[in-house]
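Data block for coords-v9.cif (mmCIF, C-alpha atoms):
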```cif
data_start
#
loop_
_atom_site.group_PDB
_atom_site.id
_atom_site.type_symbol
_atom_site.label_atom_id
_atom_site.label_comp_id
_atom_site.auth_asym_id
_atom_site.auth_seq_id
_atom_site.Cartn_x
_atom_site.Cartn_y
_atom_site.Cartn_z
ATOM 1 C CA MET I 204 69.033 -75.669 -49.495
ATOM 2 C CA TYR I 205 67.257 -75.767 -52.868
ATOM 3 C CA LEU I 206 63.973 -74.546 -51.359
ATOM 4 C CA THR I 207 65.791 -71.736 -49.538
ATOM 5 C CA SER I 208 67.465 -70.712 -52.802
ATOM 6 C CA ILE I 209 64.147 -70.563 -54.647
ATOM 7 C CA LEU I 210 62.560 -68.449 -51.908
ATOM 8 C CA LEU I 211 65.488 -66.030 -52.056
ATOM 9 C CA ARG I 212 65.238 -65.688 -55.831
ATOM 10 C CA LEU I 213 61.482 -65.182 -55.664
ATOM 11 C CA SER I 214 61.920 -62.207 -53.368
ATOM 12 C CA THR I 215 64.997 -60.616 -54.958
ATOM 13 C CA VAL I 216 66.425 -61.322 -58.400
ATOM 14 C CA ALA I 217 64.664 -61.997 -61.689
ATOM 15 C CA ALA I 218 64.044 -65.670 -61.345
ATOM 16 C CA PHE I 219 60.735 -66.773 -60.003
ATOM 17 C CA VAL I 220 61.061 -65.077 -61.878
ATOM 18 C CA PRO I 221 48.280 -87.708 -92.755
ATOM 19 C CA ALA I 222 46.554 -88.330 -94.095
ATOM 20 C CA LYS I 223 42.919 -87.757 -94.908
ATOM 21 C CA LEU I 224 41.413 -88.559 -91.550
ATOM 22 C CA THR I 225 37.955 -89.890 -90.876
ATOM 23 C CA ILE I 226 36.835 -88.606 -87.490
ATOM 24 C CA ASP I 227 34.259 -90.278 -85.315
ATOM 25 C CA TYR I 228 33.544 -87.535 -82.783
ATOM 26 C CA GLY I 229 31.799 -90.022 -80.558
ATOM 27 C CA SER I 230 34.619 -92.529 -80.183
ATOM 28 C CA LEU I 231 37.425 -90.066 -81.118
ATOM 29 C CA ARG I 232 39.054 -92.633 -83.444
ATOM 30 C CA MET I 233 40.747 -91.646 -86.685
ATOM 31 C CA SER I 234 41.786 -93.540 -89.811
ATOM 32 C CA SER I 235 44.462 -92.261 -92.179
ATOM 33 C CA ALA I 236 44.599 -91.927 -95.955
ATOM 34 C CA VAL I 237 46.123 -88.843 -97.657
ATOM 35 C CA GLU I 238 48.164 -86.064 -96.157
ATOM 36 C CA ALA I 239 46.334 -82.928 -95.006
ATOM 37 C CA GLU I 240 47.120 -79.743 -96.907
ATOM 38 C CA PRO I 241 49.132 -77.216 -94.858
ATOM 39 C CA PHE I 242 47.941 -73.662 -94.280
ATOM 40 C CA MET I 243 49.392 -71.274 -96.861
ATOM 41 C CA LYS I 244 50.391 -67.781 -95.763
ATOM 42 C CA THR I 245 49.697 -64.860 -98.074
ATOM 43 C CA GLY I 246 51.937 -61.865 -98.805
ATOM 44 C CA ARG I 247 53.354 -59.618 -96.109
ATOM 45 C CA VAL I 248 50.962 -56.900 -94.920
ATOM 46 C CA VAL I 249 52.749 -53.710 -93.835
ATOM 47 C CA MET I 250 50.640 -50.669 -92.983
ATOM 48 C CA ASP I 251 52.082 -47.138 -92.947
ATOM 49 C CA GLU I 252 51.409 -47.019 -89.205
ATOM 50 C CA LEU I 253 51.861 -50.437 -87.712
ATOM 51 C CA PRO I 254 49.235 -51.841 -85.344
ATOM 52 C CA THR I 255 50.446 -52.589 -81.828
ATOM 53 C CA VAL I 256 49.456 -55.416 -79.516
ATOM 54 C CA TYR I 257 49.836 -54.999 -75.760
ATOM 55 C CA VAL I 258 50.331 -58.418 -74.238
ATOM 56 C CA TYR I 259 51.844 -60.710 -71.619
ATOM 57 C CA ASP I 260 54.025 -63.379 -73.171
ATOM 58 C CA HIS I 261 52.587 -66.237 -71.098
ATOM 59 C CA CYS I 262 48.921 -65.305 -71.583
ATOM 60 C CA PRO I 263 47.123 -67.716 -73.974
ATOM 61 C CA PHE I 264 44.548 -65.067 -74.902
ATOM 62 C CA CYS I 265 47.382 -62.765 -75.922
ATOM 63 C CA VAL I 266 49.024 -65.597 -77.851
ATOM 64 C CA ARG I 267 45.787 -66.080 -79.783
ATOM 65 C CA VAL I 268 46.146 -62.601 -81.265
ATOM 66 C CA ARG I 269 49.876 -62.925 -81.914
ATOM 67 C CA LEU I 270 49.315 -66.259 -83.658
ATOM 68 C CA ALA I 271 46.513 -64.896 -85.843
ATOM 69 C CA LEU I 272 48.535 -61.833 -86.860
ATOM 70 C CA GLY I 273 51.452 -64.088 -87.709
ATOM 71 C CA LEU I 274 49.352 -66.497 -89.731
ATOM 72 C CA LYS I 275 47.941 -63.560 -91.681
ATOM 73 C CA ASN I 276 51.493 -62.224 -92.115
ATOM 74 C CA ILE I 277 50.652 -58.812 -90.644
ATOM 75 C CA LYS I 278 53.654 -56.819 -89.475
ATOM 76 C CA HIS I 279 52.963 -55.342 -86.037
ATOM 77 C CA ASN I 280 54.585 -53.981 -82.924
ATOM 78 C CA ILE I 281 54.517 -55.973 -79.688
ATOM 79 C CA ASN I 282 54.443 -54.189 -76.337
ATOM 80 C CA PHE I 283 55.068 -56.644 -73.516
ATOM 81 C CA MET I 284 53.541 -55.055 -70.427
ATOM 82 C CA ALA I 285 54.921 -55.738 -66.964
ATOM 83 C CA ASN I 286 52.519 -57.938 -65.032
ATOM 84 C CA ASP I 287 52.017 -55.231 -62.409
ATOM 85 C CA ASP I 288 51.526 -52.429 -64.959
ATOM 86 C CA ILE I 289 48.089 -50.976 -64.315
ATOM 87 C CA PRO I 290 48.435 -47.460 -65.854
ATOM 88 C CA THR I 291 49.193 -48.605 -69.416
ATOM 89 C CA PRO I 292 46.121 -50.792 -70.038
ATOM 90 C CA THR I 293 43.895 -48.496 -67.977
ATOM 91 C CA LYS I 294 44.874 -45.531 -70.134
ATOM 92 C CA LEU I 295 44.152 -47.547 -73.270
ATOM 93 C CA VAL I 296 40.884 -49.328 -72.414
ATOM 94 C CA GLY I 297 39.936 -48.289 -68.893
ATOM 95 C CA LYS I 298 41.113 -51.352 -66.955
ATOM 96 C CA LYS I 299 43.930 -53.862 -66.546
ATOM 97 C CA ILE I 300 43.378 -56.448 -69.269
ATOM 98 C CA ALA I 301 45.323 -58.073 -72.082
ATOM 99 C CA PRO I 302 45.503 -58.396 -74.998
ATOM 100 C CA ILE I 303 44.892 -54.889 -76.308
ATOM 101 C CA PHE I 304 45.024 -54.036 -80.012
ATOM 102 C CA ALA I 305 45.788 -50.501 -81.177
ATOM 103 C CA LEU I 306 45.215 -49.580 -84.831
ATOM 104 C CA PRO I 307 46.508 -46.034 -85.430
ATOM 105 C CA ALA I 308 45.042 -45.858 -88.945
ATOM 106 C CA ASP I 309 41.542 -45.993 -87.461
ATOM 107 C CA ASP I 310 42.313 -44.347 -84.120
ATOM 108 C CA LEU I 311 41.064 -47.628 -82.660
ATOM 109 C CA VAL I 312 41.980 -49.336 -79.408
ATOM 110 C CA MET I 313 40.185 -52.527 -78.380
ATOM 111 C CA GLY I 314 40.415 -55.625 -76.216
ATOM 112 C CA GLU I 315 39.050 -59.196 -76.336
ATOM 113 C CA SER I 316 41.210 -61.612 -78.311
ATOM 114 C CA LEU I 317 38.536 -63.167 -80.523
ATOM 115 C CA ASP I 318 37.046 -59.756 -81.394
ATOM 116 C CA ILE I 319 40.507 -58.549 -82.430
ATOM 117 C CA ILE I 320 41.076 -61.594 -84.631
ATOM 118 C CA LYS I 321 37.620 -61.242 -86.204
ATOM 119 C CA LEU I 322 38.371 -57.601 -87.011
ATOM 120 C CA VAL I 323 41.634 -58.278 -88.838
ATOM 121 C CA ASP I 324 40.338 -61.388 -90.614
ATOM 122 C CA GLU I 325 37.364 -59.473 -92.054
ATOM 123 C CA ASP I 326 39.281 -56.377 -93.202
ATOM 124 C CA THR I 327 40.801 -56.463 -96.704
ATOM 125 C CA ARG I 328 43.554 -54.084 -95.588
ATOM 126 C CA PHE I 329 44.969 -57.089 -93.729
ATOM 127 C CA GLY I 330 45.037 -59.364 -96.779
ATOM 128 C CA SER I 331 42.613 -62.075 -97.790
ATOM 129 C CA VAL I 332 39.540 -62.305 -95.591
ATOM 130 C CA ALA I 333 38.257 -65.404 -93.810
ATOM 131 C CA GLN I 334 41.654 -67.095 -93.814
ATOM 132 C CA ILE I 335 40.881 -68.547 -90.403
ATOM 133 C CA LYS I 336 37.938 -70.921 -90.553
ATOM 134 C CA PRO I 337 35.141 -70.793 -87.938
ATOM 135 C CA ALA I 338 35.326 -72.851 -84.771
ATOM 136 C CA THR I 339 33.882 -76.329 -85.179
ATOM 137 C CA GLY I 340 32.513 -76.710 -81.657
ATOM 138 C CA ARG I 341 34.805 -79.612 -80.768
ATOM 139 C CA THR I 342 33.585 -80.710 -77.339
ATOM 140 C CA ASP I 343 36.256 -83.423 -77.189
ATOM 141 C CA ILE I 344 39.072 -80.884 -77.229
ATOM 142 C CA LYS I 345 37.319 -78.735 -74.627
ATOM 143 C CA ALA I 346 36.891 -81.794 -72.419
ATOM 144 C CA TRP I 347 40.592 -82.597 -72.777
ATOM 145 C CA GLN I 348 41.546 -79.037 -71.821
ATOM 146 C CA LYS I 349 39.376 -79.216 -68.729
ATOM 147 C CA SER I 350 40.880 -82.568 -67.745
ATOM 148 C CA VAL I 351 44.410 -81.100 -67.573
ATOM 149 C CA GLN I 352 43.578 -77.693 -66.082
ATOM 150 C CA SER I 353 44.813 -78.349 -62.537
ATOM 151 C CA LEU I 354 47.824 -80.313 -63.748
ATOM 152 C CA LEU I 355 48.945 -77.529 -66.069
ATOM 153 C CA ARG I 356 48.402 -74.794 -63.511
ATOM 154 C CA THR I 357 50.620 -76.684 -61.087
ATOM 155 C CA LEU I 358 53.395 -77.220 -63.627
ATOM 156 C CA GLN I 359 53.259 -73.968 -65.583
ATOM 157 C CA ARG I 360 52.529 -71.179 -63.128
ATOM 158 C CA PRO I 361 55.648 -71.560 -60.947
ATOM 159 C CA ARG I 362 57.799 -71.925 -64.073
ATOM 160 C CA TYR I 363 56.494 -68.737 -65.660
ATOM 161 C CA VAL I 364 57.976 -66.686 -62.847
ATOM 162 C CA ALA I 365 60.933 -68.972 -62.117
ATOM 163 C CA THR I 366 62.609 -68.636 -65.512
ATOM 164 C CA GLY I 367 63.543 -64.981 -65.053
ATOM 165 C CA LEU I 368 63.185 -64.617 -68.833
ATOM 166 C CA LEU I 369 59.569 -63.712 -69.589
ATOM 167 C CA PRO I 370 59.275 -59.954 -70.178
ATOM 168 C CA GLU I 371 56.292 -59.400 -67.884
ATOM 169 C CA PHE I 372 58.243 -60.890 -64.968
ATOM 170 C CA GLN I 373 61.551 -59.077 -65.325
ATOM 171 C CA GLN I 374 61.063 -57.228 -62.047
ATOM 172 C CA LEU I 375 60.097 -58.384 -58.572
ATOM 173 C CA ASP I 376 56.826 -56.426 -58.565
ATOM 174 C CA GLY I 377 55.640 -58.229 -61.687
ATOM 175 C CA ARG I 378 56.492 -61.650 -60.288
ATOM 176 C CA HIS I 379 54.815 -60.945 -56.966
ATOM 177 C CA THR I 380 51.701 -59.591 -58.676
ATOM 178 C CA PHE I 381 51.328 -62.829 -60.606
ATOM 179 C CA ILE I 382 51.859 -65.004 -57.534
ATOM 180 C CA LYS I 383 49.450 -62.863 -55.536
ATOM 181 C CA ASN I 384 46.671 -63.307 -58.102
ATOM 182 C CA HIS I 385 47.184 -66.836 -59.450
ATOM 183 C CA GLN I 386 46.415 -69.723 -57.154
ATOM 184 C CA LEU I 387 48.069 -73.114 -57.206
ATOM 185 C CA PRO I 388 45.930 -76.250 -56.932
ATOM 186 C CA PRO I 389 44.251 -77.442 -54.823
ATOM 187 C CA TYR I 390 43.435 -73.888 -53.733
ATOM 188 C CA GLU I 391 40.567 -72.080 -55.425
ATOM 189 C CA LYS I 392 40.624 -68.366 -56.182
ATOM 190 C CA PRO I 393 38.530 -67.208 -53.170
ATOM 191 C CA ALA I 394 40.842 -68.986 -50.722
ATOM 192 C CA TRP I 395 43.919 -67.590 -52.465
ATOM 193 C CA LYS I 396 42.873 -64.013 -53.258
ATOM 194 C CA GLY I 397 40.147 -63.399 -50.693
ATOM 195 C CA GLY I 398 37.378 -60.921 -51.341
ATOM 196 C CA THR I 399 34.703 -63.009 -49.663
ATOM 197 C CA GLU I 400 32.906 -62.361 -46.392
ATOM 198 C CA GLU I 401 34.507 -65.454 -44.862
ATOM 199 C CA ASN I 402 37.972 -64.636 -46.184
ATOM 200 C CA PRO I 403 38.262 -60.942 -47.108
ATOM 201 C CA GLU I 404 42.072 -60.762 -47.145
ATOM 202 C CA GLY I 405 42.954 -64.076 -48.738
ATOM 203 C CA MET I 406 46.133 -66.011 -48.120
ATOM 204 C CA ASP I 407 49.187 -64.283 -46.693
ATOM 205 C CA MET I 408 51.726 -63.357 -49.386
ATOM 206 C CA GLU I 409 54.562 -65.149 -47.608
ATOM 207 C CA GLU I 410 52.555 -68.357 -47.679
ATOM 208 C CA LYS I 411 51.917 -67.927 -51.403
ATOM 209 C CA LEU I 412 55.631 -67.453 -52.053
ATOM 210 C CA GLN I 413 56.356 -70.536 -49.982
ATOM 211 C CA LEU I 414 53.859 -72.641 -51.932
ATOM 212 C CA TYR I 415 55.293 -71.535 -55.290
ATOM 213 C CA ALA I 416 58.817 -72.297 -54.089
ATOM 214 C CA GLU I 417 57.804 -75.688 -52.747
ATOM 215 C CA GLU I 418 56.172 -76.584 -56.039
ATOM 216 C CA MET I 419 59.358 -75.733 -57.940
ATOM 217 C CA ALA I 420 61.424 -77.780 -55.468
ATOM 218 C CA LYS I 421 59.324 -80.923 -55.949
ATOM 219 C CA ASP I 422 60.281 -83.725 -58.275
ATOM 220 C CA PRO I 423 57.964 -83.091 -61.252
ATOM 221 C CA ALA I 424 58.391 -86.599 -62.693
ATOM 222 C CA PRO I 425 54.988 -88.000 -61.589
ATOM 223 C CA MET I 426 53.112 -84.994 -62.975
ATOM 224 C CA ILE I 427 55.117 -85.048 -66.214
ATOM 225 C CA GLU I 428 54.343 -88.746 -66.608
ATOM 226 C CA GLU I 429 50.645 -87.937 -66.220
ATOM 227 C CA LEU I 430 50.932 -85.083 -68.721
ATOM 228 C CA ASN I 431 52.728 -87.297 -71.245
ATOM 229 C CA ALA I 432 49.810 -89.733 -71.119
ATOM 230 C CA LYS I 433 47.321 -86.894 -71.601
ATOM 231 C CA LEU I 434 49.263 -85.639 -74.632
ATOM 232 C CA VAL I 435 48.956 -89.079 -76.207
ATOM 233 C CA GLU I 436 45.191 -88.791 -75.737
ATOM 234 C CA LEU I 437 45.215 -85.393 -77.431
ATOM 235 C CA ASP I 438 47.418 -86.640 -80.267
ATOM 236 C CA ASP I 439 44.731 -89.219 -81.046
ATOM 237 C CA ILE I 440 42.056 -86.557 -81.592
ATOM 238 C CA VAL I 441 44.161 -83.934 -83.411
ATOM 239 C CA PHE I 442 43.412 -84.182 -87.120
ATOM 240 C CA SER I 443 46.878 -83.519 -88.527
ATOM 241 C CA GLU I 444 50.176 -81.791 -87.946
ATOM 242 C CA HIS I 445 48.781 -78.728 -89.746
ATOM 243 C CA TYR I 446 45.449 -78.178 -87.966
ATOM 244 C CA CYS I 447 43.524 -79.873 -85.218
ATOM 245 C CA SER I 448 40.112 -80.208 -86.907
ATOM 246 C CA GLU I 449 39.186 -81.558 -90.309
ATOM 247 C CA GLY I 450 38.592 -78.843 -92.903
ATOM 248 C CA GLY I 451 41.574 -76.571 -92.372
ATOM 249 C CA LEU I 452 43.110 -74.151 -89.926
ATOM 250 C CA SER I 453 40.416 -72.645 -87.746
ATOM 251 C CA TYR I 454 39.624 -70.877 -84.513
ATOM 252 C CA ASP I 455 40.011 -74.329 -82.963
ATOM 253 C CA ASP I 456 43.745 -73.988 -83.632
ATOM 254 C CA ILE I 457 43.888 -70.381 -82.487
ATOM 255 C CA ASP I 458 42.674 -71.514 -79.081
ATOM 256 C CA LEU I 459 44.289 -74.939 -78.749
ATOM 257 C CA TRP I 460 47.794 -74.044 -79.904
ATOM 258 C CA SER I 461 47.845 -70.914 -77.761
ATOM 259 C CA ARG I 462 47.130 -73.019 -74.681
ATOM 260 C CA LEU I 463 49.500 -75.851 -75.580
ATOM 261 C CA ARG I 464 52.391 -73.435 -76.102
ATOM 262 C CA SER I 465 52.790 -72.980 -72.349
ATOM 263 C CA ILE I 466 53.476 -76.700 -71.916
ATOM 264 C CA THR I 467 56.817 -76.165 -73.655
ATOM 265 C CA ILE I 468 58.040 -74.339 -70.530
ATOM 266 C CA VAL I 469 58.016 -77.714 -68.721
ATOM 267 C CA LYS I 470 61.253 -79.629 -69.177
ATOM 268 C CA GLY I 471 61.066 -83.339 -69.877
ATOM 269 C CA VAL I 472 57.670 -83.490 -71.553
ATOM 270 C CA GLN I 473 57.464 -86.155 -74.263
ATOM 271 C CA TRP I 474 55.402 -84.964 -77.201
ATOM 272 C CA PRO I 475 53.818 -87.491 -79.567
ATOM 273 C CA SER I 476 55.179 -87.059 -83.074
ATOM 274 C CA LYS I 477 52.096 -85.568 -84.750
ATOM 275 C CA LEU I 478 51.398 -83.182 -81.887
ATOM 276 C CA ARG I 479 55.031 -82.037 -81.743
ATOM 277 C CA SER I 480 54.969 -81.313 -85.475
ATOM 278 C CA TYR I 481 51.721 -79.413 -84.960
ATOM 279 C CA MET I 482 53.377 -77.233 -82.312
ATOM 280 C CA ASP I 483 56.445 -76.576 -84.470
ATOM 281 C CA ASN I 484 54.479 -75.896 -87.660
ATOM 282 C CA LEU I 485 52.172 -73.300 -86.121
ATOM 283 C CA SER I 486 55.033 -71.700 -84.210
ATOM 284 C CA ALA I 487 56.856 -71.114 -87.497
ATOM 285 C CA LEU I 488 53.759 -70.014 -89.424
ATOM 286 C CA GLY I 489 52.566 -67.700 -86.657
ATOM 287 C CA ASP I 490 56.035 -66.377 -85.825
ATOM 288 C CA VAL I 491 55.440 -67.059 -82.116
ATOM 289 C CA PRO I 492 58.339 -68.878 -80.448
ATOM 290 C CA LEU I 493 57.951 -71.817 -78.117
ATOM 291 C CA TYR I 494 59.585 -72.046 -74.668
ATOM 292 C CA ASP I 495 61.722 -75.152 -75.214
ATOM 293 C CA GLU I 496 65.040 -73.352 -74.773
ATOM 294 C CA MET I 497 64.049 -71.948 -71.364
ATOM 295 C CA ALA I 498 62.131 -74.948 -70.073
ATOM 296 C CA LEU I 499 62.494 -75.853 -66.392
#
```
Write out the structure in this file as structure tokens.
Amino acid sequence: MYLTSILLRLSTVAAFVPAKLTIDYGSLRMSSAVEAEPFMKTGRVVMDELPTVYVYDHCPFCVRVRLALGLKNIKHNINFMANDDIPTPTKLVGKKIAPIFALPADDLVMGESLDIIKLVDEDTRFGSVAQIKPATGRTDIKAWQKSVQSLLRTLQRPRYVATGLLPEFQQLDGRHTFIKNHQLPPYEKPAWKGGTEENPEGMDMEEKLQLYAEEMAKDPAPMIEELNAKLVELDDIVFSEHYCSEGGLSYDDIDLWSRLRSITIVKGVQWPSKLRSYMDNLSALGDVPLYDEMAL
């Protein structure tokens, strides 16, 4: 009955819809001494014509920009595009992408999250420059992200559309567009979407809906247990509750936090203390809410 209910909702209503730390980057061990200094926001930046970001709420690349604008205390408009909206981004930048940044003062419209952040962090009109430190090249964090990729896709993707609350998935077309284009493990993109000589059409849409529904109907406990263990591993290599790498808040945080945010849509995850504080601190500083209250 539960699986039947999920399938019905997918196809109709909006549901599927610490110390000073000494880091050994080889062994990933840390020792504590004095507490790390938190990032300090500067004064509110309000332009006569506010910049606008065009985003999807779930998209980590979009969250990068929202987080950076929040950290720099830049007032801006947010336009949450429907996931199936092709005309809006195409009119702005010639194709369906997100995020998009529009700056009326300069008659500027641009894409690419890191280019957008670089622009605002180098322009004195947006407050102090170079507030966000350069990326450190942490290969340990990248390796951790890769190690949980399939696990997170399996847990997060069905929940994005199942909540019925994310703005890009308010209508059936948006939910179906996401499911059509985003495979669930163990399937790879060519098998799911097609476009190859061997499989030009890809998987049938009804089968995709069935797989998403089945994933939501499963007991997630074993996967959540695995994720909890992986979060402990990450907690060990995160520098402090204020930033993930020694030296201050950097592009490392812009990327890592934006990806970790989506984990909060999974109910029952146990966050290690330091990592949970890290999530809460940057959420407040960046003015980007977490998903805890809608977690499934």
Identify all residues satisfying the PyMOL selection byres ((chain I and resi 323-340) around 9) in the given file; provide them as JSON, numbers by chain. {"I": [244, 245, 246, 247, 248, 249, 250, 271, 272, 274, 275, 276, 277, 318, 319, 320, 321, 322, 341, 342, 343, 344, 345, 448, 450, 451, 452, 453, 454, 455, 456, 457]}
Could you write those residues out with C-alpha atoms, as a compact mmCIF listing (two decimals), in the frame of the given file?
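Result file follows (again00.txt):
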```txt
# COMPACT_ATOMS: atom_id res chain seq x y z
CA LYS I 244 50.39 -67.78 -95.76
CA THR I 245 49.70 -64.86 -98.07
CA GLY I 246 51.94 -61.86 -98.80
CA ARG I 247 53.35 -59.62 -96.11
CA VAL I 248 50.96 -56.90 -94.92
CA VAL I 249 52.75 -53.71 -93.84
CA MET I 250 50.64 -50.67 -92.98
CA ALA I 271 46.51 -64.90 -85.84
CA LEU I 272 48.54 -61.83 -86.86
CA LEU I 274 49.35 -66.50 -89.73
CA LYS I 275 47.94 -63.56 -91.68
CA ASN I 276 51.49 -62.22 -92.12
CA ILE I 277 50.65 -58.81 -90.64
CA ASP I 318 37.05 -59.76 -81.39
CA ILE I 319 40.51 -58.55 -82.43
CA ILE I 320 41.08 -61.59 -84.63
CA LYS I 321 37.62 -61.24 -86.20
CA LEU I 322 38.37 -57.60 -87.01
CA ARG I 341 34.80 -79.61 -80.77
CA THR I 342 33.58 -80.71 -77.34
CA ASP I 343 36.26 -83.42 -77.19
CA ILE I 344 39.07 -80.88 -77.23
CA LYS I 345 37.32 -78.74 -74.63
CA SER I 448 40.11 -80.21 -86.91
CA GLY I 450 38.59 -78.84 -92.90
CA GLY I 451 41.57 -76.57 -92.37
CA LEU I 452 43.11 -74.15 -89.93
CA SER I 453 40.42 -72.64 -87.75
CA TYR I 454 39.62 -70.88 -84.51
CA ASP I 455 40.01 -74.33 -82.96
CA ASP I 456 43.74 -73.99 -83.63
CA ILE I 457 43.89 -70.38 -82.49
```
Using the chain letters and numbering of this document, enumerate as a PyMOL selection string the residues selected by the PyMOL selection byres ((chain I and resi 311) around 12). chain I and resi 254-256+295-296+303-310+312-314+319+322
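Take atom CA of I:Arg267 and atom CA of I:Met482: the distance between them is 13.7 Å.
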Please enumerate the residues selected by the PyMOL selection byres ((chain I and resi 473) around 12) when evaluated against the supplied file, formatted as a PyMOL selection string. chain I and resi 424+427-435+438+466-467+469-472+474-479+495
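Across I:Ile440, I:Leu493, I:Ala285, I:Ala239, the tightest approach to I:Val258 is made by I:Ala285 when counting all atoms listed in the file.
Atom CA of I:His261 is found 9.8 Å from atom CA of I:Tyr494.
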So what do you get for atom CA of I:Pro292 versus atom CA of I:Gly367, distance-wise?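 Those two atoms sit 23.0 Å apart.
The environment of I:Thr357 within 12 Å, counting only C-alpha atoms and disregarding residues fewer than 4 places along the same chain, consists of Val351, Gln352, Ser353, Pro361, Arg362, Tyr363, His385, Gln386, Leu387, Pro388, Pro389, Tyr390, Leu414, Tyr415, Ala416, Glu417, Glu418, Met419, Lys421, Pro423, Met426, Ile427, Leu430, Ile466 and Val469 of chain I.
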Can you tell me which residues surround stretch 487-490 of chain I at a distance of at most 7 Å, considering all atoms listed in the file, apart from same-chain residues fewer than 2 positions away, and format the answer as an MDAnalysis selection string? chainID I and resid 270:271 273:274 483:485 492
Can you put N, CA and C atoms back into stretch 328-346 of chain I and show it as a short mmCIF file (atom, residue, chain, number, x, y, z; two decimals), in the frame of the given file?
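File selection_11.cif, as written:
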```cif
data_model
loop_
_atom_site.label_atom_id
_atom_site.label_comp_id
_atom_site.auth_asym_id
_atom_site.auth_seq_id
_atom_site.Cartn_x
_atom_site.Cartn_y
_atom_site.Cartn_z
N ARG I 328 42.26 -54.74 -95.76
CA ARG I 328 43.55 -54.08 -95.59
C ARG I 328 44.57 -55.04 -94.99
N PHE I 329 44.09 -56.11 -94.35
CA PHE I 329 44.97 -57.09 -93.73
C PHE I 329 45.08 -58.36 -94.57
N GLY I 330 44.90 -58.22 -95.89
CA GLY I 330 45.04 -59.36 -96.78
C GLY I 330 43.71 -60.07 -97.02
N SER I 331 43.82 -61.30 -97.49
CA SER I 331 42.61 -62.08 -97.79
C SER I 331 41.75 -62.24 -96.54
N VAL I 332 40.45 -62.17 -96.73
CA VAL I 332 39.54 -62.30 -95.59
C VAL I 332 39.20 -63.78 -95.37
N ALA I 333 38.71 -64.06 -94.19
CA ALA I 333 38.26 -65.40 -93.81
C ALA I 333 39.34 -66.47 -94.01
N GLN I 334 40.57 -66.10 -93.74
CA GLN I 334 41.65 -67.10 -93.81
C GLN I 334 41.57 -68.10 -92.68
N ILE I 335 41.01 -67.67 -91.56
CA ILE I 335 40.88 -68.55 -90.40
C ILE I 335 39.44 -69.05 -90.36
N LYS I 336 39.28 -70.34 -90.48
CA LYS I 336 37.94 -70.92 -90.55
C LYS I 336 37.23 -70.84 -89.20
N PRO I 337 35.89 -70.87 -89.20
CA PRO I 337 35.14 -70.79 -87.94
C PRO I 337 35.45 -71.97 -87.02
N ALA I 338 35.19 -71.77 -85.75
CA ALA I 338 35.33 -72.85 -84.77
C ALA I 338 34.34 -73.96 -85.09
N THR I 339 34.73 -75.19 -84.84
CA THR I 339 33.88 -76.33 -85.18
C THR I 339 33.02 -76.79 -84.02
N GLY I 340 33.28 -76.27 -82.81
CA GLY I 340 32.51 -76.71 -81.66
C GLY I 340 32.97 -78.04 -81.10
N ARG I 341 34.25 -78.34 -81.24
CA ARG I 341 34.80 -79.61 -80.77
C ARG I 341 34.69 -79.74 -79.25
N THR I 342 33.73 -80.51 -78.78
CA THR I 342 33.58 -80.71 -77.34
C THR I 342 34.65 -81.65 -76.78
N ASP I 343 35.22 -82.50 -77.65
CA ASP I 343 36.26 -83.42 -77.19
C ASP I 343 37.52 -82.68 -76.79
N ILE I 344 37.89 -81.67 -77.56
CA ILE I 344 39.07 -80.88 -77.23
C ILE I 344 38.83 -80.06 -75.96
N LYS I 345 37.65 -79.49 -75.84
CA LYS I 345 37.32 -78.74 -74.63
C LYS I 345 37.37 -79.64 -73.39
N ALA I 346 36.86 -80.85 -73.54
CA ALA I 346 36.89 -81.79 -72.42
C ALA I 346 38.33 -82.15 -72.05
#
```
